[in-house]
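Below you'll find the structure, written out as structure tokens, and then a few comments.
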Amino acid sequence: MKSKIIHNAISALGATVILGLLSPAWAASCPVKGGTLIWGHSETTQNLYTHQTGTISTMRILQNIHDGLVTTDKNLNIIPELAESYVVSKDGMSYTFKLRDGVKFHDGSDMTSADVKYSFEKVMDPDTGAVNKPVFNSVGSIETPDNLTVIIKMDKINAPFLGRLAALGAGAIIPEGSAETQGTMPVGAGPFKFVRREIGNEVELERFDDYWNGPACIERLIAREVTEPTVRLTGLRTGEMHLINDIPADRIDEIKADKNLEVLSWSHGVFDFVNLNYKFEPFQDQRVRLAVDYIIDKEVLLQGALWGQGKTAASPGFASSASYNEDLTQRPQDIAKAKALLKEAGYGPGDLKVVFKATTNYPYHVEAAQILVEWFREAGVELTIEQLTWADWLGQVWVDKDFQMSMMNFNSIWEEDFLYYSLYNSTGGFNYRGINDPVIDELTEKARVTIDDAARANIYKEVQQRVFDKVHDIVVWHRNSSFGAQKSVGGLDTLVNADGATYHFHKVWLKE
Amino acid sequence: MAVTLFLISIITFTVTNILPGDVAMMIMGTQSNPAALANLRESLGLNDPLIYQYGRWIFGMLTGDWGNSLLFKQPIGPILLQKMTASALIVLLSMTIALTLAIPLGVWSAVYKNRWQDTAGSSVSILGVSLPDFFWGIMLILLFARALGWFPSSGFVHPNEDFLLALKHAFLPSLALGLGLMAHLTRMTRATMTGILSQEFIRVARAKGLAEKTVIWQYGLANAIGPVMTVAGLQMGYLFGSIIVMESLFNYTGMGWLTYQALLNRDMPLIQATVFVIAAVVMLVNLLVDLLYPIFDPRIELK
Amino acid sequence: MSIFKKFLNFKGIIGITLVLCVILIAVLAPLIIPPEFATRMDMRARLSPPNMAHWMGTDQLGRDLFYRVMLGARTSINIATSAVLMSLVIGLPLGLISGYFGGRTDNVLMRLVDTLLSFPALLLALTISAVLGPNLQNTIIAIGIAFTPYLARLIRGEALRVAQMPYVEAARSSGATNSRLIIGHVLPNIMPVVIVQSTISLAFAILAEAGLSFLGLGTQPPEASWGLMIQASRDYLDRAPWTALVPGTAVALTVLGLNMFGDVLRDVLDPRSQS
């Protein structure tokens with residue numbers, strides 16, 4: 001099957017990519033050079049200054065303009081990028097990066113350690129309002145003994161630091177002094193340089209011929225914003241666009257059958273989970289939470305809400321990650337058991353009323369909620385739905401934590417500390433469910449100071465087990481993301497980054 | 001007029017600040033955490049007292065500085081200008097299309113009042129209103145862009161760059177918008193024509209032996225055109241409301257699209273700018289309609 | 001010609017029939033059809049076109065569209081009627097007073113109305129939703145308030161025109177009280193326009209409910225309303241157009257019926273069209 005071939009190709013390419021990145025002399029071998037690729041993007045590009053950008057939408061563009069100090073391979077192992085090599089001290093208190101020689105920025109200047117120091121200090125500066133500032137929380141000082149060496153000294157051990165640096169553009173290096181102009185003219189060391197942008201319309205990028213890892217294949221990349229799914233799909237079919245991201249879930253099978261188009265779909269990168277707020281009294285009872293888990297048939301819900309476009313999973317982690325707990329399997333639907341548990345907790349049929357807040361930003365959440373209403377009714381619980389706009393959901397559920405039950409998805413958080421600490425530690429930034437579990441607190445703190453990668457991976461496996469046992473959340477699935485492309489687009493297997501959410505156009509080419 | 005503008009500015013400012021949620025939260029989305037949010041808010045100037053923010057805004061507008069969009073991190077002035085041009089094109093085009101279709105249909109319905117032609121006319125005209133804008137938009141895209149390939153399915157091109165291409169991009173959204181306008185305009189044309197056709201001077205014209213066509217078009221419509229245009233002008237408010245949805249559908253980046261983005265993301269300076277501009281334009285058009293009213297209907301005196 | 005005879009033309013008959021049908025469905029359907037018919041899902045028959053099992057097809061969750069559109073009638077009609085009534089209750093007196101008295105009263109009132117009129121309805125709705133909270137009552141309020149300025153302006157224009165007619169001026173100078181003139185003369189003369197406007201407003205109101213559901217106002221799923229059904233069909237229009245056409249046709253027929261009924265009613269009431 002096509003997807004299997006692509007999967008194998010990705011693995012094979014993964015190995016090649018690792019070898020390739022370690023060898024700076026490797027010249028890009030493009031079957032065809034040149035051409036303008038038109039990409040129909042589902043999101044609106046916002047702030048072009050990478051430090052101030054928090055959303056995947058803009059990051060997808062910026063990650064082709066900027067390279068970072070380190071990055072990951074297809075298996076989420078950290079590998080050098082702008083740094084040629086790095087050494088972590090035995091006590092975990094200092095990181096020494098040796099930069100690649102001869103890396104050029106788009107403005108022609110050479111990258112030196114001063115640029116690295118500048119970039120990171122900008123992120124650490126509160127006035128920048130950088131989204132990734134927490135990454136550098138334990139950084140004490142940044143030293144630049146020579147042009148190609150950067151030594152980052154920590155105030156306290158932060159084992160996840162390197163991983164955080166590789167994720168979500170935290171380690172992007174910009175030229176010294178360029179912060180003020182990055183918003184209008186983003187300059188970086190990545191394979192494409194910024195040409196122009198029309199707000200709401202499109203962003204145009206051009207091949208950077210002096211890219212340290214060999215010039216890209218295509219001459220020009222135009223990222224056109226088309227937010228409406230039907231319109232985006234039409235644009236692909238009329239040939240107005242070479243490729244589009246995120247084909248609507250119910251159309252994927254149809255497009256796959258279309259001989260004129262190519263489809264790429266993968267299930268790592270986004271996970272959805274059902275949230276139960278600890279502030280809501282009934283949910284403080286373990287039995288009630290367990291009952292909710294038994295009410296939901298995850299496979300059927302996936303079929304119903306997403307047309308089966310995804311993979312059910314019990315853990316929010318990346319399946320390819322060393323820290324992924326493969327032993328966890330979801331609880332099956334068992335309405336009888338759920339009823340019994342509810343009765344035990346003191347809720348007979350009709351006693352429990354729950355309000356489910358779903359955001360219209362993700363229509364499939366609303367569909368899922370409607371399916372849940374039926375099952376809950378069978379179990380004797382009255383579930384009502386409240387639709388919220390994205391802004392309202394963020395305000396009410398995320399910030400004010402004012403909700404009973406909800407559903408959300410998270411994008412590309414593969415770095416374990418970012419994922420598990422933020423979501424499940426009682427002081428975590430994403431802990432809107434009010435989870436206060438001393439066991440998890442202890443585990444996540446311990447992981448931060450555990451330098452050995454294997455040991456740290458095991459700690460996170462324990463976290464996943466604990467979350468599952470206690471039903472802190474009900475993870476339902478990893479949702480499929482997809483790409484649709486004309487047959488004329490080559491190199492599609494290199495397009496998606498390991499985080500499953502950002503795209504890399506370096507090795508994509510046009511067959512004309 | 002200045003008073004109205006002042007009132008508009010007050011309402012705009014109040015509304016913007018009443019809306020829950022703030023742009024810092026929207027920028028960070030699910031990456032936001034309390035510490036980072038606080039920092040971002042401070043750096044965006046969101047913590048200053050309201051009166052101060054209002055004053056700064058008004059003073060800025062008067063001196064030509066419309067502030068910066070917090071979302072796009074770009075000065076708002078040039079963005080506004082570009083988006084206004086885009087919307088002006090489809091507003092004019094859609095109104096033209098609507099009137100071209102609605103007036104003949106309305107006249108036809110009025111002439112054959114209460115017969116099957118009247119029903120047919122009513123049916124066609126309300127089609128545009130029975131199904132929402134996005135329905136017509138998508139249907140037109142599927143027909144004209146996908147099936148026939150005559151027009152592009154999305155996007156915007158500046159008229160200065162390539163006028164013909166700009167028209168092509170503007171056509172489908174304008175057509176969809178026009179269909180929505182038709183309902184009202186057809187009915188008003190019909191209503192006005194019916195009233196006029198039953199009047200004395202029409203009977204006189206017919207008695208004089210003038211051809212029916214002349215009676216209807218030269219005597220009838222000429223008098224009906226006034227109120228119809230009045231209604232058309234008053235439809236501006238509705239039209240500007242419709243472009244919010246339609247432009248977003250087609251990704252035709254005009255004022256409607258910009259307003260929608262601003263509202264969606266709680267980008268305060270941008271909300272203030274777009275809402276104020278749209279409100280001001282609609283107000284000016286209404287004012288124009290008011291001034292022209294007596295020209296169309298000489299029996300009215302403006303006191 | 002007696003009043004009833006006036007309705008006995010092509011248009012009148014169709015108009016009345018349609019309106020009666022819709023009212024009947026809105027009232028009777030919830031009494032006859034069990035509510036779960038509208039929400040039960042058949043996952044193996046999702047987005048299926050009209051067939052023997054499902055007369056009007058199914059939506060994306062496999063729910064029968066026929067039952068949904070029947071049961072949805074009441075909700076949609078209810079919301080639309082309440083909202084338009086509300087806009088009349090506020091807008092009619094406003095427009096009448098403004099148009100009849102003219103002068104400074106007119107200026108002040110219309111200034112306020114114009115200010116409100118200049119704002120896109122979407123924004124008003126968003127604000128009301130934010131301030132009052134999203135529930136059904138507030139949906140009606142939001143739509144009602146959004147429609148009022150336009151109606152007030154239209155009525156004011158008409159009232160102004162009628163108030164300046166010679167016989168009204170004459171009646172005024174011969175001592176008739178203002179209130180008698182307004183209610184007795186101006187009001188009947190503007191009724192045609194009010195009726196025509198109201199019937200169109202009803203259509204807009206049904207659609208407005210659709211648009212607002214996107215903002216969280218309006219009917220909450222899985223309950224059925226025409227507006228919600230239309231809104232939900234957005235992502236499936238090219239694959240399953242009947243998901244929009246079924247509720248859309250319901251709206252269209254209702255609006256058509258109202259329009260035709262309204263037109264004939266106007267003809268009955270309008271003294272000018274006595275021929």
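Here, A, B, ... name the chains of the structure tokens in the order displayed, residue numbers run from 1 inside each chain, and ligands are numbered from 1 in the same displayed order.
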*Taking only C-alpha atoms into account, which residues of chain A are within 7 Å of chain C, as number ranges by chain?*
A: 230, 304, 360, 370, 385-389
*Which of range 72-203 of chain A fall in alpha helix (DSSP H), as number ranges by chain*: A: 113-124, 161-166
*Compute the chain B side of the contact with chain A at 7 Å, counting only C-alpha atoms, and hand it back as an MDAnalysis selection string.*
chainID B and resid 21 26:29 31 33 36 39:40 43 71:73 146 153 155 249 251 253 264:265
Restricting it to N, CA and C atoms, dump the selection as a PDB file, in the first residue's frame.
```
ATOM      1  N   GLY B  21     -11.073  37.665  26.220  1.00  0.00           N
ATOM      2  CA  GLY B  21      -9.890  37.111  25.570  1.00  0.00           C
ATOM      3  C   GLY B  21      -8.997  38.242  25.123  1.00  0.00           C
ATOM      4  N   MET B  26      -4.101  34.763  22.182  1.00  0.00           N
ATOM      5  CA  MET B  26      -4.302  34.244  20.842  1.00  0.00           C
ATOM      6  C   MET B  26      -2.972  34.008  20.151  1.00  0.00           C
ATOM      7  N   ILE B  27      -2.010  34.887  20.409  1.00  0.00           N
ATOM      8  CA  ILE B  27      -0.702  34.738  19.772  1.00  0.00           C
ATOM      9  C   ILE B  27      -0.031  33.461  20.250  1.00  0.00           C
ATOM     10  N   MET B  28      -0.128  33.219  21.543  1.00  0.00           N
ATOM     11  CA  MET B  28       0.576  32.060  22.080  1.00  0.00           C
ATOM     12  C   MET B  28      -0.246  30.796  21.977  1.00  0.00           C
ATOM     13  N   GLY B  29      -1.551  30.936  21.880  1.00  0.00           N
ATOM     14  CA  GLY B  29      -2.403  29.768  21.745  1.00  0.00           C
ATOM     15  C   GLY B  29      -2.175  28.802  22.879  1.00  0.00           C
ATOM     16  N   GLN B  31       0.455  27.405  23.622  1.00  0.00           N
ATOM     17  CA  GLN B  31       1.801  27.451  24.178  1.00  0.00           C
ATOM     18  C   GLN B  31       1.836  28.433  25.333  1.00  0.00           C
ATOM     19  N   ASN B  33       1.514  30.351  28.772  1.00  0.00           N
ATOM     20  CA  ASN B  33       1.561  30.067  30.193  1.00  0.00           C
ATOM     21  C   ASN B  33       1.566  31.424  30.887  1.00  0.00           C
ATOM     22  N   ALA B  36       4.690  33.883  30.565  1.00  0.00           N
ATOM     23  CA  ALA B  36       4.911  34.385  29.213  1.00  0.00           C
ATOM     24  C   ALA B  36       3.823  35.356  28.799  1.00  0.00           C
ATOM     25  N   ASN B  39       4.384  38.799  30.293  1.00  0.00           N
ATOM     26  CA  ASN B  39       5.458  39.484  29.572  1.00  0.00           C
ATOM     27  C   ASN B  39       4.974  40.059  28.254  1.00  0.00           C
ATOM     28  N   LEU B  40       4.268  39.211  27.524  1.00  0.00           N
ATOM     29  CA  LEU B  40       3.808  39.615  26.192  1.00  0.00           C
ATOM     30  C   LEU B  40       2.844  40.789  26.295  1.00  0.00           C
ATOM     31  N   SER B  43       4.727  43.946  26.922  1.00  0.00           N
ATOM     32  CA  SER B  43       5.455  44.440  25.749  1.00  0.00           C
ATOM     33  C   SER B  43       4.512  44.931  24.661  1.00  0.00           C
ATOM     34  N   LEU B  71      -0.930  41.294  15.870  1.00  0.00           N
ATOM     35  CA  LEU B  71      -0.845  39.936  15.338  1.00  0.00           C
ATOM     36  C   LEU B  71       0.203  39.838  14.249  1.00  0.00           C
ATOM     37  N   PHE B  72       0.165  40.800  13.326  1.00  0.00           N
ATOM     38  CA  PHE B  72       1.062  40.756  12.177  1.00  0.00           C
ATOM     39  C   PHE B  72       2.324  41.577  12.401  1.00  0.00           C
ATOM     40  N   LYS B  73       2.317  42.362  13.479  1.00  0.00           N
ATOM     41  CA  LYS B  73       3.472  43.193  13.796  1.00  0.00           C
ATOM     42  C   LYS B  73       3.831  44.100  12.611  1.00  0.00           C
ATOM     43  N   ARG B 146     -13.856  24.964 -10.440  1.00  0.00           N
ATOM     44  CA  ARG B 146     -13.477  23.563 -10.535  1.00  0.00           C
ATOM     45  C   ARG B 146     -13.977  22.933 -11.838  1.00  0.00           C
ATOM     46  N   SER B 153     -10.107  29.982  -7.913  1.00  0.00           N
ATOM     47  CA  SER B 153     -10.930  29.605  -6.778  1.00  0.00           C
ATOM     48  C   SER B 153     -10.653  30.432  -5.530  1.00  0.00           C
ATOM     49  N   GLY B 155      -8.014  33.805  -3.588  1.00  0.00           N
ATOM     50  CA  GLY B 155      -6.924  34.765  -3.672  1.00  0.00           C
ATOM     51  C   GLY B 155      -7.334  36.130  -4.185  1.00  0.00           C
ATOM     52  N   LEU B 249     -13.924  33.231   2.964  1.00  0.00           N
ATOM     53  CA  LEU B 249     -14.143  31.986   2.227  1.00  0.00           C
ATOM     54  C   LEU B 249     -13.208  31.896   1.026  1.00  0.00           C
ATOM     55  N   ASN B 251     -10.589  33.664   0.560  1.00  0.00           N
ATOM     56  CA  ASN B 251      -9.298  34.221   0.901  1.00  0.00           C
ATOM     57  C   ASN B 251      -8.991  35.443   0.040  1.00  0.00           C
ATOM     58  N   THR B 253      -8.376  38.895   0.217  1.00  0.00           N
ATOM     59  CA  THR B 253      -7.958  39.669   1.383  1.00  0.00           C
ATOM     60  C   THR B 253      -8.334  41.139   1.280  1.00  0.00           C
ATOM     61  N   LEU B 264     -11.314  37.591  15.308  1.00  0.00           N
ATOM     62  CA  LEU B 264     -11.000  36.213  15.697  1.00  0.00           C
ATOM     63  C   LEU B 264      -9.854  36.178  16.687  1.00  0.00           C
ATOM     64  N   ASN B 265      -8.845  37.025  16.417  1.00  0.00           N
ATOM     65  CA  ASN B 265      -7.634  36.977  17.215  1.00  0.00           C
ATOM     66  C   ASN B 265      -7.539  38.064  18.264  1.00  0.00           C
TER      67      ASN B 265
END
```
Counting only C-alpha atoms, what is within 8 Å of Pro247 in chain C, bar same-chain residues fewer than 4 positions away, as a CSV table (one decimal) with N, CA, C and O atoms, in the first residue's frame?
```csv
chain,number,residue,atom,x,y,z
C,69,VAL,N,-35.2,18.0,9.8
C,69,VAL,CA,-35.7,19.2,9.2
C,69,VAL,C,-37.2,19.5,9.7
C,69,VAL,O,-37.6,20.6,10.0
C,226,TRP,N,-32.8,24.6,11.6
C,226,TRP,CA,-32.4,24.7,10.2
C,226,TRP,C,-31.1,25.5,10.1
C,226,TRP,O,-30.2,25.1,9.3
C,227,GLY,N,-30.9,26.5,10.9
C,227,GLY,CA,-29.7,27.2,10.8
C,227,GLY,C,-28.5,26.4,11.2
C,227,GLY,O,-27.5,26.4,10.5
C,229,MET,N,-28.3,23.2,10.9
C,229,MET,CA,-28.1,22.2,9.9
C,229,MET,C,-27.3,22.7,8.7
C,229,MET,O,-26.4,22.1,8.1
C,230,ILE,N,-27.7,24.0,8.3
C,230,ILE,CA,-27.0,24.6,7.2
C,230,ILE,C,-25.6,24.9,7.5
C,230,ILE,O,-24.7,24.6,6.7
C,243,THR,N,-27.1,17.9,2.2
C,243,THR,CA,-27.1,18.3,3.6
C,243,THR,C,-27.4,19.8,3.8
C,243,THR,O,-27.9,20.2,4.8
C,251,VAL,N,-36.0,26.5,4.4
C,251,VAL,CA,-35.9,28.0,4.6
C,251,VAL,C,-36.5,28.7,3.4
C,251,VAL,O,-37.3,29.6,3.5
```
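Considering the residues B:Gln74, B:Thr12, B:Gln53, B:Asn68 and counting only C-alpha atoms, chain C has its shortest atom-to-atom contact with B:Thr12.
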*Would you list the contacts of Val157 in chain B as an MDAnalysis selection string, taking every protein, DNA or RNA residue within 9 Å and counting only C-alpha atoms, but skipping same-chain residues closer than 3 positions in sequence?*
chainID B and resid 86 160:163 165:170 252
Taking N, CA and C atoms for each residue, export the selection above as a JSON list (two decimals), in the first residue's frame.
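Result went into result23.json, see below:
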```
[["chain", "number", "residue", "atom", "x", "y", "z"],
["B", 86, "ALA", "N", -9.09, 46.47, -2.18],
["B", 86, "ALA", "CA", -9.62, 45.15, -2.53],
["B", 86, "ALA", "C", -11.13, 45.11, -2.33],
["B", 160, "ASN", "N", -3.98, 47.36, -9.69],
["B", 160, "ASN", "CA", -2.88, 48.05, -10.35],
["B", 160, "ASN", "C", -1.93, 47.07, -11.03],
["B", 161, "GLU", "N", -1.80, 45.90, -10.41],
["B", 161, "GLU", "CA", -0.86, 44.90, -10.95],
["B", 161, "GLU", "C", -1.35, 44.37, -12.29],
["B", 162, "ASP", "N", -2.59, 43.94, -12.27],
["B", 162, "ASP", "CA", -3.14, 43.29, -13.46],
["B", 162, "ASP", "C", -4.65, 43.40, -13.38],
["B", 163, "PHE", "N", -5.21, 44.38, -14.05],
["B", 163, "PHE", "CA", -6.61, 44.70, -13.85],
["B", 163, "PHE", "C", -7.52, 43.53, -14.22],
["B", 165, "LEU", "N", -6.84, 40.31, -14.29],
["B", 165, "LEU", "CA", -6.72, 39.23, -13.32],
["B", 165, "LEU", "C", -7.41, 39.61, -12.01],
["B", 166, "ALA", "N", -7.28, 40.88, -11.65],
["B", 166, "ALA", "CA", -7.93, 41.35, -10.43],
["B", 166, "ALA", "C", -9.44, 41.14, -10.53],
["B", 167, "LEU", "N", -9.99, 41.47, -11.69],
["B", 167, "LEU", "CA", -11.43, 41.27, -11.91],
["B", 167, "LEU", "C", -11.80, 39.80, -11.82],
["B", 168, "LYS", "N", -10.96, 38.95, -12.39],
["B", 168, "LYS", "CA", -11.23, 37.52, -12.36],
["B", 168, "LYS", "C", -11.30, 37.01, -10.93],
["B", 169, "HIS", "N", -10.36, 37.46, -10.10],
["B", 169, "HIS", "CA", -10.37, 37.03, -8.70],
["B", 169, "HIS", "C", -11.56, 37.62, -7.96],
["B", 170, "ALA", "N", -11.98, 38.82, -8.39],
["B", 170, "ALA", "CA", -13.08, 39.49, -7.68],
["B", 170, "ALA", "C", -14.44, 38.98, -8.12],
["B", 252, "TYR", "N", -10.06, 36.21, -0.21],
["B", 252, "TYR", "CA", -9.91, 37.45, -0.95],
["B", 252, "TYR", "C", -9.62, 38.50, 0.11]]
```
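The chain B residues that come within 7 Å of chain C are B:Thr4, B:Leu7, B:Ile8, B:Val15, B:Leu19, B:Pro20, B:Asn114, B:Arg115, B:Trp116, B:Thr119, B:Ser123, B:Ile126, B:Leu127, B:Val129, B:Ser130, B:Leu131, B:Pro132, B:Gly195, B:Ser198, B:Gly237, B:Phe240, B:Gly241, B:Ala279, B:Ala280, B:Val282, B:Met283, B:Ile300, B:Lys303, with only C-alpha atoms taken into account.
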*Could you find all residues in range 53-145 of chain A that DSSP calls strand (DSSP E or B) from the backbone, and write them as an MDAnalysis selection string?*
chainID A and resid 68 70:72 78:80 83:88 94:99 104 110 139:145
Now that the selection is made, can you save its residues with N, CA, C and O atoms as a compact mmCIF listing (two decimals), in the first residue's frame?
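Wrote it out as selection.txt, contents follow:
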```txt
# COMPACT_ATOMS: atom_id res chain seq x y z
N GLY A 68 18.40 26.01 13.15
CA GLY A 68 18.72 26.14 14.57
C GLY A 68 20.05 25.53 14.90
O GLY A 68 20.71 24.93 14.07
N VAL A 70 20.61 23.00 16.92
CA VAL A 70 20.47 21.56 16.81
C VAL A 70 19.10 21.25 16.26
O VAL A 70 18.20 22.09 16.29
N THR A 71 18.94 20.05 15.77
CA THR A 71 17.62 19.63 15.28
C THR A 71 17.45 18.15 15.59
O THR A 71 18.20 17.59 16.39
N THR A 72 16.43 17.52 15.00
CA THR A 72 16.24 16.10 15.27
C THR A 72 16.22 15.32 13.97
O THR A 72 15.93 15.87 12.91
N ILE A 78 18.39 13.84 18.85
CA ILE A 78 18.93 15.18 18.63
C ILE A 78 20.22 15.11 17.84
O ILE A 78 21.12 14.35 18.18
N ILE A 79 20.28 15.87 16.77
CA ILE A 79 21.50 15.90 15.96
C ILE A 79 21.90 17.34 15.71
O ILE A 79 21.08 18.24 15.78
N PRO A 80 23.16 17.57 15.41
CA PRO A 80 23.62 18.95 15.21
C PRO A 80 23.06 19.52 13.90
O PRO A 80 22.77 18.80 12.98
N ALA A 83 25.23 23.91 14.65
CA ALA A 83 26.40 23.49 15.41
C ALA A 83 26.95 22.26 14.72
O ALA A 83 26.20 21.45 14.20
N GLU A 84 28.26 22.15 14.72
CA GLU A 84 28.87 20.98 14.07
C GLU A 84 28.89 19.81 15.02
O GLU A 84 28.72 18.67 14.65
N SER A 85 29.10 20.15 16.29
CA SER A 85 29.12 19.13 17.33
C SER A 85 28.86 19.81 18.65
O SER A 85 28.95 21.03 18.78
N TYR A 86 28.53 19.01 19.64
CA TYR A 86 28.32 19.58 20.97
C TYR A 86 28.71 18.56 22.03
O TYR A 86 28.71 17.36 21.78
N VAL A 87 29.06 19.12 23.20
CA VAL A 87 29.45 18.26 24.32
C VAL A 87 28.70 18.74 25.55
O VAL A 87 28.65 19.93 25.84
N VAL A 88 28.08 17.80 26.25
CA VAL A 88 27.44 18.16 27.51
C VAL A 88 28.34 17.71 28.64
O VAL A 88 28.81 16.57 28.64
N SER A 94 27.01 22.37 31.92
CA SER A 94 27.46 23.23 30.82
C SER A 94 27.41 22.51 29.49
O SER A 94 27.67 21.32 29.37
N TYR A 95 27.03 23.26 28.45
CA TYR A 95 26.90 22.75 27.09
C TYR A 95 27.87 23.52 26.20
O TYR A 95 27.81 24.75 26.13
N THR A 96 28.75 22.77 25.56
CA THR A 96 29.70 23.43 24.66
C THR A 96 29.38 23.07 23.22
O THR A 96 29.37 21.91 22.83
N PHE A 97 29.09 24.12 22.41
CA PHE A 97 28.75 23.91 21.00
C PHE A 97 29.89 24.38 20.12
O PHE A 97 30.39 25.49 20.28
N LYS A 98 30.26 23.52 19.19
CA LYS A 98 31.24 23.95 18.20
C LYS A 98 30.47 24.25 16.92
O LYS A 98 29.82 23.37 16.36
N LEU A 99 30.52 25.50 16.48
CA LEU A 99 29.72 25.91 15.32
C LEU A 99 30.38 25.50 14.02
O LEU A 99 31.60 25.41 13.93
N LYS A 104 26.57 30.90 6.15
CA LYS A 104 26.22 32.27 5.78
C LYS A 104 24.76 32.57 6.11
O LYS A 104 23.88 31.72 5.95
N ASP A 110 28.69 36.16 7.84
CA ASP A 110 29.01 34.82 8.35
C ASP A 110 28.43 34.63 9.73
O ASP A 110 28.37 35.57 10.53
N VAL A 139 19.32 28.86 32.33
CA VAL A 139 20.61 29.28 31.75
C VAL A 139 21.20 30.40 32.59
O VAL A 139 20.54 31.40 32.87
N GLY A 140 22.44 30.23 32.97
CA GLY A 140 23.11 31.25 33.77
C GLY A 140 23.85 32.24 32.91
O GLY A 140 23.67 33.45 33.01
N SER A 141 24.68 31.72 32.00
CA SER A 141 25.47 32.63 31.18
C SER A 141 25.80 31.97 29.85
O SER A 141 25.79 30.76 29.72
N ILE A 142 26.08 32.82 28.86
CA ILE A 142 26.50 32.32 27.55
C ILE A 142 27.87 32.91 27.23
O ILE A 142 28.01 34.14 27.16
N GLU A 143 28.84 32.03 27.05
CA GLU A 143 30.19 32.54 26.77
C GLU A 143 30.60 32.21 25.34
O GLU A 143 30.23 31.18 24.79
N THR A 144 31.38 33.12 24.77
CA THR A 144 31.86 32.90 23.40
C THR A 144 33.37 33.07 23.34
O THR A 144 33.87 34.11 22.91
N PRO A 145 34.12 32.05 23.76
CA PRO A 145 35.58 32.15 23.82
C PRO A 145 36.20 32.42 22.45
O PRO A 145 37.19 33.11 22.35
```
*Mind checking which residues fall within 12 Å of Gly108 in chain A, counting only C-alpha atoms, ignoring those fewer than 6 positions away in the same chain, and posting them as JSON, numbers by chain?*
{"A": [102, 175, 187, 188, 189, 193, 208, 209, 210, 211]}
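Using only C-alpha atoms, the nearest neighbour of Gly55 in chain B within the list B:Val277, B:Leu181, B:Ile10, B:Ala232 is B:Ile10.
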_One number please: CA of Ile143 in chain C to CA of Met84 in chain B, in Å, one decimal._
27.4 Å
*Selection near Leu85 in chain C, 12 Å with only C-alpha atoms, sequence-local residues under 5 positions removed, as an MDAnalysis selection string*: chainID C and resid 77:80 90:92 140:141 143:145 147:148 151 194:195 197:199 201:202 205
File dump, residues just selected, C-alpha atoms, as an mmCIF file, in the first residue's frame:
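File produced: part-v1.cif:
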```cif
data_model
loop_
_atom_site.group_PDB
_atom_site.id
_atom_site.type_symbol
_atom_site.label_atom_id
_atom_site.label_comp_id
_atom_site.auth_asym_id
_atom_site.auth_seq_id
_atom_site.Cartn_x
_atom_site.Cartn_y
_atom_site.Cartn_z
ATOM 1 C CA ILE C 77 -39.425 29.630 13.350
ATOM 2 C CA ASN C 78 -39.471 30.377 17.040
ATOM 3 C CA ILE C 79 -36.131 32.146 17.031
ATOM 4 C CA ALA C 80 -36.779 34.012 13.810
ATOM 5 C CA ILE C 90 -38.291 48.667 19.220
ATOM 6 C CA GLY C 91 -37.948 49.833 15.647
ATOM 7 C CA LEU C 92 -41.548 50.670 14.782
ATOM 8 C CA ILE C 140 -32.925 36.275 19.934
ATOM 9 C CA ILE C 141 -31.857 39.523 21.554
ATOM 10 C CA ILE C 143 -30.570 39.147 16.190
ATOM 11 C CA GLY C 144 -33.387 41.462 17.237
ATOM 12 C CA ILE C 145 -31.035 44.290 18.125
ATOM 13 C CA PHE C 147 -32.136 44.137 12.804
ATOM 14 C CA THR C 148 -33.639 47.121 14.615
ATOM 15 C CA LEU C 151 -36.014 48.650 10.232
ATOM 16 C CA VAL C 194 -43.219 47.027 7.196
ATOM 17 C CA ILE C 195 -44.746 43.789 6.044
ATOM 18 C CA GLN C 197 -39.451 44.153 5.294
ATOM 19 C CA SER C 198 -40.583 41.762 8.005
ATOM 20 C CA THR C 199 -40.911 38.842 5.666
ATOM 21 C CA SER C 201 -36.144 39.828 7.901
ATOM 22 C CA LEU C 202 -37.556 36.480 8.878
ATOM 23 C CA ALA C 205 -33.164 35.812 10.981
#
```
_So that I can see what lies close to Arg266 in chain B, please list as a PyMOL selection string the residues with an atom at most 7 Å from it, counting only C-alpha atoms and leaving out residues fewer than 2 positions away in the same chain._
chain B and resi 21-23+262-264+268
Now that the selection is made, can you save its residues with C-alpha atoms as a tab-separated table (two decimals), in the first residue's frame?
```
chain	number	residue	atom	x	y	z
B	21	GLY	CA	-9.89	37.11	25.57
B	22	ASP	CA	-6.84	39.05	24.57
B	23	VAL	CA	-4.39	38.98	21.74
B	262	ALA	CA	-8.83	40.97	13.85
B	263	LEU	CA	-11.98	39.85	15.67
B	264	LEU	CA	-11.00	36.21	15.70
B	268	MET	CA	-7.25	45.25	19.46
```
